[in-house]
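K.L.:
Okay, so here is start_0.pdb, and as you'll see once you scroll down, it has PDB, C-alpha atoms.
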```pdb
MODEL        1
ATOM      1  CA  MET A   1     -74.168  -4.966 165.042
ATOM      2  CA  LYS A   2     -70.893  -5.356 163.141
ATOM      3  CA  LYS A   3     -70.641  -8.039 160.497
ATOM      4  CA  PRO A   4     -68.916 -11.151 161.945
ATOM      5  CA  PHE A   5     -65.480 -11.804 160.490
ATOM      6  CA  SER A   6     -66.627 -15.324 159.602
ATOM      7  CA  GLN A   7     -68.977 -13.724 157.066
ATOM      8  CA  PHE A   8     -66.230 -11.752 155.342
ATOM      9  CA  SER A   9     -65.002 -12.971 151.968
ATOM     10  CA  LEU A  10     -61.511 -14.457 152.080
ATOM     11  CA  GLU A  11     -60.255 -11.405 150.184
ATOM     12  CA  ASP A  12     -61.830  -8.937 152.631
ATOM     13  CA  TYR A  13     -60.790 -10.872 155.738
ATOM     14  CA  SER A  14     -57.167 -11.213 154.656
ATOM     15  CA  ALA A  15     -57.055  -7.510 153.753
ATOM     16  CA  ARG A  16     -58.423  -6.589 157.182
ATOM     17  CA  LEU A  17     -55.987  -8.981 158.874
ATOM     18  CA  GLY A  18     -53.100  -7.359 157.021
ATOM     19  CA  SER A  19     -54.171  -3.788 157.782
ATOM     20  CA  SER A  20     -52.874  -1.529 160.566
ATOM     21  CA  ASP A  21     -55.950  -2.394 162.654
ATOM     22  CA  PRO A  22     -54.818  -4.820 165.418
ATOM     23  CA  SER A  23     -58.171  -6.595 165.315
ATOM     24  CA  PRO A  24     -58.561  -9.295 164.042
ATOM     25  CA  GLY A  25     -55.186 -10.632 165.057
ATOM     26  CA  GLY A  26     -53.377 -13.876 165.683
ATOM     27  CA  GLY A  27     -56.144 -15.608 167.629
ATOM     28  CA  SER A  28     -58.719 -14.979 164.939
ATOM     29  CA  ALA A  29     -56.219 -16.118 162.299
ATOM     30  CA  ALA A  30     -55.514 -19.314 164.262
ATOM     31  CA  ALA A  31     -59.246 -20.040 164.397
ATOM     32  CA  THR A  32     -59.474 -19.489 160.636
ATOM     33  CA  VAL A  33     -56.703 -22.034 160.061
ATOM     34  CA  GLY A  34     -58.613 -24.372 162.376
ATOM     35  CA  VAL A  35     -61.768 -23.954 160.296
ATOM     36  CA  LEU A  36     -59.838 -25.033 157.192
ATOM     37  CA  GLY A  37     -58.355 -28.035 158.963
ATOM     38  CA  ILE A  38     -61.720 -29.202 160.265
ATOM     39  CA  SER A  39     -63.254 -28.702 156.818
ATOM     40  CA  LEU A  40     -60.688 -31.048 155.271
ATOM     41  CA  GLY A  41     -61.431 -33.736 157.850
ATOM     42  CA  GLU A  42     -65.163 -33.216 157.292
ATOM     43  CA  MET A  43     -64.699 -33.573 153.523
ATOM     44  CA  VAL A  44     -62.819 -36.862 153.917
ATOM     45  CA  ALA A  45     -65.485 -38.225 156.274
ATOM     46  CA  ASN A  46     -68.265 -37.243 153.856
ATOM     47  CA  LEU A  47     -66.485 -38.913 150.930
ATOM     48  CA  ASN A  48     -65.830 -42.045 152.973
ATOM     49  CA  ALA A  49     -69.512 -42.162 153.925
ATOM     50  CA  LYS A  50     -70.469 -42.277 150.227
ATOM     51  CA  LYS A  51     -68.450 -45.412 149.496
ATOM     52  CA  SER A  52     -70.882 -48.220 148.777
ATOM     53  CA  LYS A  53     -68.443 -50.880 149.981
ATOM     54  CA  ASN A  54     -67.596 -49.122 153.242
ATOM     55  CA  PRO A  55     -69.065 -51.153 156.144
ATOM     56  CA  ASN A  56     -68.350 -48.202 158.421
ATOM     57  CA  ALA A  57     -70.235 -45.648 156.282
ATOM     58  CA  ALA A  58     -72.767 -44.820 159.017
ATOM     59  CA  HIS A  59     -69.998 -43.982 161.466
ATOM     60  CA  CYS A  60     -68.257 -41.859 158.825
ATOM     61  CA  ARG A  61     -71.488 -39.877 158.423
ATOM     62  CA  GLU A  62     -71.650 -39.398 162.192
ATOM     63  CA  ARG A  63     -68.085 -38.133 162.239
ATOM     64  CA  ALA A  64     -68.819 -35.766 159.338
ATOM     65  CA  ARG A  65     -71.752 -34.323 161.304
ATOM     66  CA  ALA A  66     -69.616 -33.980 164.437
ATOM     67  CA  LEU A  67     -66.886 -32.209 162.471
ATOM     68  CA  LYS A  68     -69.464 -29.867 160.946
ATOM     69  CA  LYS A  69     -70.525 -28.791 164.447
ATOM     70  CA  LEU A  70     -66.901 -28.204 165.427
ATOM     71  CA  ARG A  71     -66.308 -26.232 162.214
ATOM     72  CA  GLU A  72     -69.274 -23.978 163.039
ATOM     73  CA  GLN A  73     -67.975 -23.609 166.588
ATOM     74  CA  MET A  74     -64.522 -22.618 165.333
ATOM     75  CA  LEU A  75     -66.093 -20.158 162.878
ATOM     76  CA  ARG A  76     -67.729 -18.331 165.775
ATOM     77  CA  ILE A  77     -64.348 -18.049 167.490
ATOM     78  CA  VAL A  78     -62.936 -16.221 164.437
ATOM     79  CA  THR A  79     -65.050 -13.239 165.552
ATOM     80  CA  GLU A  80     -65.200 -13.917 169.300
ATOM     81  CA  ASP A  81     -61.426 -13.748 169.663
ATOM     82  CA  ALA A  82     -61.300 -10.313 168.027
ATOM     83  CA  GLU A  83     -64.089  -9.118 170.333
ATOM     84  CA  ALA A  84     -62.293 -10.437 173.423
ATOM     85  CA  PHE A  85     -59.088  -8.668 172.362
ATOM     86  CA  GLN A  86     -60.986  -5.413 171.894
ATOM     87  CA  MET A  87     -62.364  -5.615 175.442
ATOM     88  CA  VAL A  88     -58.839  -5.929 176.840
ATOM     89  CA  SER A  89     -57.602  -3.114 174.626
ATOM     90  CA  ASP A  90     -60.382  -0.783 175.802
ATOM     91  CA  LEU A  91     -59.547  -1.408 179.486
ATOM     92  CA  TRP A  92     -55.776  -1.679 179.244
ATOM     93  CA  LYS A  93     -54.917   1.852 180.377
ATOM     94  CA  THR A  94     -57.096   1.656 183.489
ATOM     95  CA  PRO A  95     -56.095  -1.451 185.488
ATOM     96  CA  SER A  96     -59.118  -2.710 187.399
ATOM     97  CA  PRO A  97     -61.068  -5.877 188.260
ATOM     98  CA  ALA A  98     -62.841  -5.355 184.920
ATOM     99  CA  LEU A  99     -59.512  -5.669 183.119
ATOM    100  CA  GLN A 100     -58.769  -8.927 184.933
ATOM    101  CA  GLN A 101     -62.135 -10.307 183.834
ATOM    102  CA  ALA A 102     -61.465  -9.193 180.268
ATOM    103  CA  LEU A 103     -58.077 -10.914 180.343
ATOM    104  CA  LYS A 104     -59.709 -14.126 181.537
ATOM    105  CA  LYS A 105     -62.172 -13.910 178.671
ATOM    106  CA  ALA A 106     -59.331 -13.227 176.235
ATOM    107  CA  SER A 107     -57.604 -16.384 177.534
ATOM    108  CA  SER A 108     -60.694 -18.571 177.511
ATOM    109  CA  VAL A 109     -61.686 -17.779 173.912
ATOM    110  CA  PRO A 110     -58.409 -18.960 172.322
ATOM    111  CA  MET A 111     -58.470 -21.874 174.752
ATOM    112  CA  GLY A 112     -61.584 -22.798 172.793
ATOM    113  CA  ILE A 113     -59.438 -22.877 169.646
ATOM    114  CA  CYS A 114     -57.103 -25.364 171.318
ATOM    115  CA  GLU A 115     -59.913 -27.550 172.648
ATOM    116  CA  THR A 116     -61.821 -27.539 169.359
ATOM    117  CA  ALA A 117     -58.702 -28.377 167.348
ATOM    118  CA  TYR A 118     -58.027 -31.282 169.697
ATOM    119  CA  GLU A 119     -61.585 -32.641 169.454
ATOM    120  CA  ALA A 120     -61.517 -32.391 165.661
ATOM    121  CA  LEU A 121     -58.188 -34.217 165.434
ATOM    122  CA  VAL A 122     -59.467 -37.108 167.531
ATOM    123  CA  ILE A 123     -62.544 -37.472 165.319
ATOM    124  CA  ALA A 124     -60.682 -37.070 162.022
ATOM    125  CA  SER A 125     -58.090 -39.661 163.020
ATOM    126  CA  HIS A 126     -60.806 -42.328 163.032
ATOM    127  CA  GLU A 127     -61.226 -41.833 159.276
ATOM    128  CA  THR A 128     -57.781 -43.230 158.462
ATOM    129  CA  PRO A 129     -58.803 -46.901 157.955
ATOM    130  CA  TRP A 130     -61.557 -45.906 155.505
ATOM    131  CA  THR A 131     -59.609 -43.290 153.558
ATOM    132  CA  SER A 132     -58.205 -44.058 150.119
ATOM    133  CA  LYS A 133     -54.565 -43.316 149.333
ATOM    134  CA  HIS A 134     -55.804 -40.454 147.137
ATOM    135  CA  LEU A 135     -57.327 -38.686 150.152
ATOM    136  CA  LEU A 136     -54.640 -39.404 152.740
ATOM    137  CA  SER A 137     -52.859 -36.152 151.833
ATOM    138  CA  ASP A 138     -56.053 -34.220 152.678
ATOM    139  CA  LEU A 139     -56.275 -35.995 156.017
ATOM    140  CA  ALA A 140     -52.589 -35.277 156.710
ATOM    141  CA  GLU A 141     -53.178 -31.628 155.837
ATOM    142  CA  CYS A 142     -56.159 -31.605 158.207
ATOM    143  CA  GLY A 143     -53.752 -32.671 160.945
ATOM    144  CA  LEU A 144     -51.154 -30.076 159.958
ATOM    145  CA  PHE A 145     -53.679 -27.227 160.023
ATOM    146  CA  LEU A 146     -55.143 -28.303 163.353
ATOM    147  CA  ILE A 147     -51.691 -28.495 164.946
ATOM    148  CA  ALA A 148     -51.079 -24.947 163.685
ATOM    149  CA  ALA A 149     -54.455 -23.792 165.024
ATOM    150  CA  PHE A 150     -53.686 -25.321 168.419
ATOM    151  CA  LYS A 151     -50.266 -23.672 168.599
ATOM    152  CA  GLY A 152     -51.658 -20.311 167.484
ATOM    153  CA  GLY A 153     -54.437 -20.558 170.047
ATOM    154  CA  LYS A 154     -51.902 -21.485 172.723
ATOM    155  CA  PHE A 155     -49.816 -18.372 172.012
ATOM    156  CA  ASN A 156     -52.909 -16.239 172.524
ATOM    157  CA  VAL A 157     -53.867 -17.997 175.742
ATOM    158  CA  GLU A 158     -50.369 -17.523 177.124
ATOM    159  CA  ILE A 159     -50.033 -13.827 176.266
ATOM    160  CA  ASN A 160     -53.090 -13.121 178.396
ATOM    161  CA  LEU A 161     -52.249 -15.539 181.209
ATOM    162  CA  ARG A 162     -49.067 -13.538 181.831
ATOM    163  CA  GLU A 163     -51.172 -10.590 182.976
ATOM    164  CA  ILE A 164     -53.741 -12.500 185.051
ATOM    165  CA  GLN A 165     -53.357 -12.328 188.828
ATOM    166  CA  ASP A 166     -55.565 -15.351 189.604
ATOM    167  CA  ALA A 167     -52.917 -18.053 190.107
ATOM    168  CA  GLU A 168     -55.456 -20.898 190.205
ATOM    169  CA  PHE A 169     -56.977 -19.807 186.866
ATOM    170  CA  VAL A 170     -53.519 -19.572 185.277
ATOM    171  CA  ALA A 171     -52.382 -22.960 186.576
ATOM    172  CA  LYS A 172     -55.579 -24.667 185.407
ATOM    173  CA  HIS A 173     -55.218 -23.332 181.856
ATOM    174  CA  ARG A 174     -51.513 -24.156 181.605
ATOM    175  CA  THR A 175     -52.045 -27.701 182.860
ATOM    176  CA  ARG A 176     -54.817 -28.263 180.333
ATOM    177  CA  LEU A 177     -52.720 -26.815 177.494
ATOM    178  CA  GLU A 178     -49.829 -29.102 178.339
ATOM    179  CA  HIS A 179     -52.058 -32.171 178.449
ATOM    180  CA  ILE A 180     -53.909 -31.649 175.177
ATOM    181  CA  GLY A 181     -50.787 -30.286 173.485
ATOM    182  CA  HIS A 182     -49.173 -33.723 173.682
ATOM    183  CA  GLN A 183     -52.328 -35.324 172.287
ATOM    184  CA  VAL A 184     -52.632 -32.836 169.431
ATOM    185  CA  LEU A 185     -49.079 -33.570 168.281
ATOM    186  CA  LEU A 186     -49.641 -37.303 168.653
ATOM    187  CA  TYR A 187     -52.788 -37.366 166.501
ATOM    188  CA  GLY A 188     -51.559 -34.814 163.969
ATOM    189  CA  ASN A 189     -48.209 -36.509 163.445
ATOM    190  CA  ARG A 190     -49.933 -39.876 163.175
ATOM    191  CA  LEU A 191     -52.031 -38.587 160.258
ATOM    192  CA  GLU A 192     -48.900 -37.336 158.522
ATOM    193  CA  GLU A 193     -47.129 -40.643 159.127
ATOM    194  CA  THR A 194     -50.064 -42.588 157.656
ATOM    195  CA  PHE A 195     -49.740 -40.520 154.490
ATOM    196  CA  ARG A 196     -45.969 -40.978 154.293
ATOM    197  CA  LEU A 197     -46.139 -44.743 154.826
ATOM    198  CA  ALA A 198     -49.005 -45.355 152.403
ATOM    199  CA  PRO A 199     -48.121 -47.805 149.588
ATOM    200  CA  GLN A 200     -47.093 -46.058 146.369
ATOM    201  CA  GLU A 201     -48.028 -47.122 142.884
ATOM    202  CA  SER A 202     -45.140 -48.571 140.942
ATOM    203  CA  LYS A 203     -44.213 -46.718 137.764
TER     204      LYS A 203
ENDMDL
END
```
Represent the structure of the file as structure tokens.
P.N.:
Amino acid sequence: MKKPFSQFSLEDYSARLGSSDPSPGGGSAAATVGVLGISLGEMVANLNAKKSKNPNAAHCRERARALKKLREQMLRIVTEDAEAFQMVSDLWKTPSPALQQALKKASSVPMGICETAYEALVIASHETPWTSKHLLSDLAECGLFLIAAFKGGKFNVEINLREIQDAEFVAKHRTRLEHIGHQVLLYGNRLEETFRLAPQESK
């Protein structure tokens, strides 16, 4: 069994991503960005949970645990997306029902990036009231990375949907992307706005 890309060092993964090998590609990279975004939200939740004067500490711990699960889920997608792409690539020259199934898989995996980024953003946004002004930039960056992960995942869903003949499958995915896309921007931009509007220390 090949070593999962999630177990590569950052140096090795980025070198592989930049090589002439088409796998891993954009979907895997989008998932990697998502992992970083979730990790930042998880860090903020863990730090908020440690505050002795935080009456919401227990809920912060719960959110940190939930974000950890989503981070692990997104890590798996880093490899799964590359595997799904390889299946399509292997079947591309011989159009068949097998190719259509591979294309559906290659759409569903990056759809997981979009869904996971959305779930993480919703959870991370609940940390805002308990986050100090010194950590608001990390929370805003969490939002920025998860928006990028969503958009990257969406590109990879769409590129495969264009080749899928099942109109119902295509319509279902596009409707879902449109719905959560609005929510992702709403939550992500709200985190950035909270950072921008935070009171500044006078000099």
K.L.:
Assuming the chain letters and numbering stay as they are in my file, what does the PyMOL selection byres ((chain A and resi 117) around 7) actually select? List them as a ChimeraX atom specification.
P.N.:
/A:34,113-116,118-121,146,149-150
K.L.:
Determine, counting all atoms listed in the file, which protein, DNA and RNA residues have an atom within 10 Å of an atom of Pro199 (chain A); residues of the same chain fewer than 4 positions away are not included. Present the result as a PyMOL selection string.
P.N.:
chain A and resi 133+194-195
K.L.:
If we count all atoms listed in the file, what is near region 105-112 of chain A at a cut-off of 10 Å, once residues fewer than 2 positions away on the same chain are taken out, given as a ChimeraX atom specification?
P.N.:
/A:26-28,30-31,73-74,77-78,80-88,99-103,114-118,149-150,152-162,164,169-170,173,176-177
K.L.:
Compile the contact shell of Met43 (chain A) as a ChimeraX atom specification: residues with an atom at most 9 Å away, counting all atoms listed in the file, same-chain residues fewer than 5 positions apart removed.
P.N.:
/A:38,48,64,138
K.L.:
Determine, counting only C-alpha atoms, which protein, DNA and RNA residues have an atom within 9 Å of an atom of Leu36 (chain A); residues of the same chain fewer than 4 positions away are not included. Present the result as a short mmCIF file (atom, residue, chain, number, x, y, z; two decimals) with C-alpha atoms, in the coordinates of the input.
P.N.:
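Contents of the output file part_30.cif:
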```cif
data_model
loop_
_atom_site.label_atom_id
_atom_site.label_comp_id
_atom_site.auth_asym_id
_atom_site.auth_seq_id
_atom_site.Cartn_x
_atom_site.Cartn_y
_atom_site.Cartn_z
CA ALA A 31 -59.25 -20.04 164.40
CA THR A 32 -59.47 -19.49 160.64
CA LEU A 40 -60.69 -31.05 155.27
CA GLY A 41 -61.43 -33.74 157.85
CA ARG A 71 -66.31 -26.23 162.21
CA CYS A 142 -56.16 -31.60 158.21
CA PHE A 145 -53.68 -27.23 160.02
CA LEU A 146 -55.14 -28.30 163.35
#
```
K.L.:
To one decimal place in Å, what is the distance between CA of Asn54 (chain A) and CA of Trp130 (chain A)?
P.N.:
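Between CA of Asn54 (chain A) and CA of Trp130 (chain A) the gap works out to 7.2 Å.
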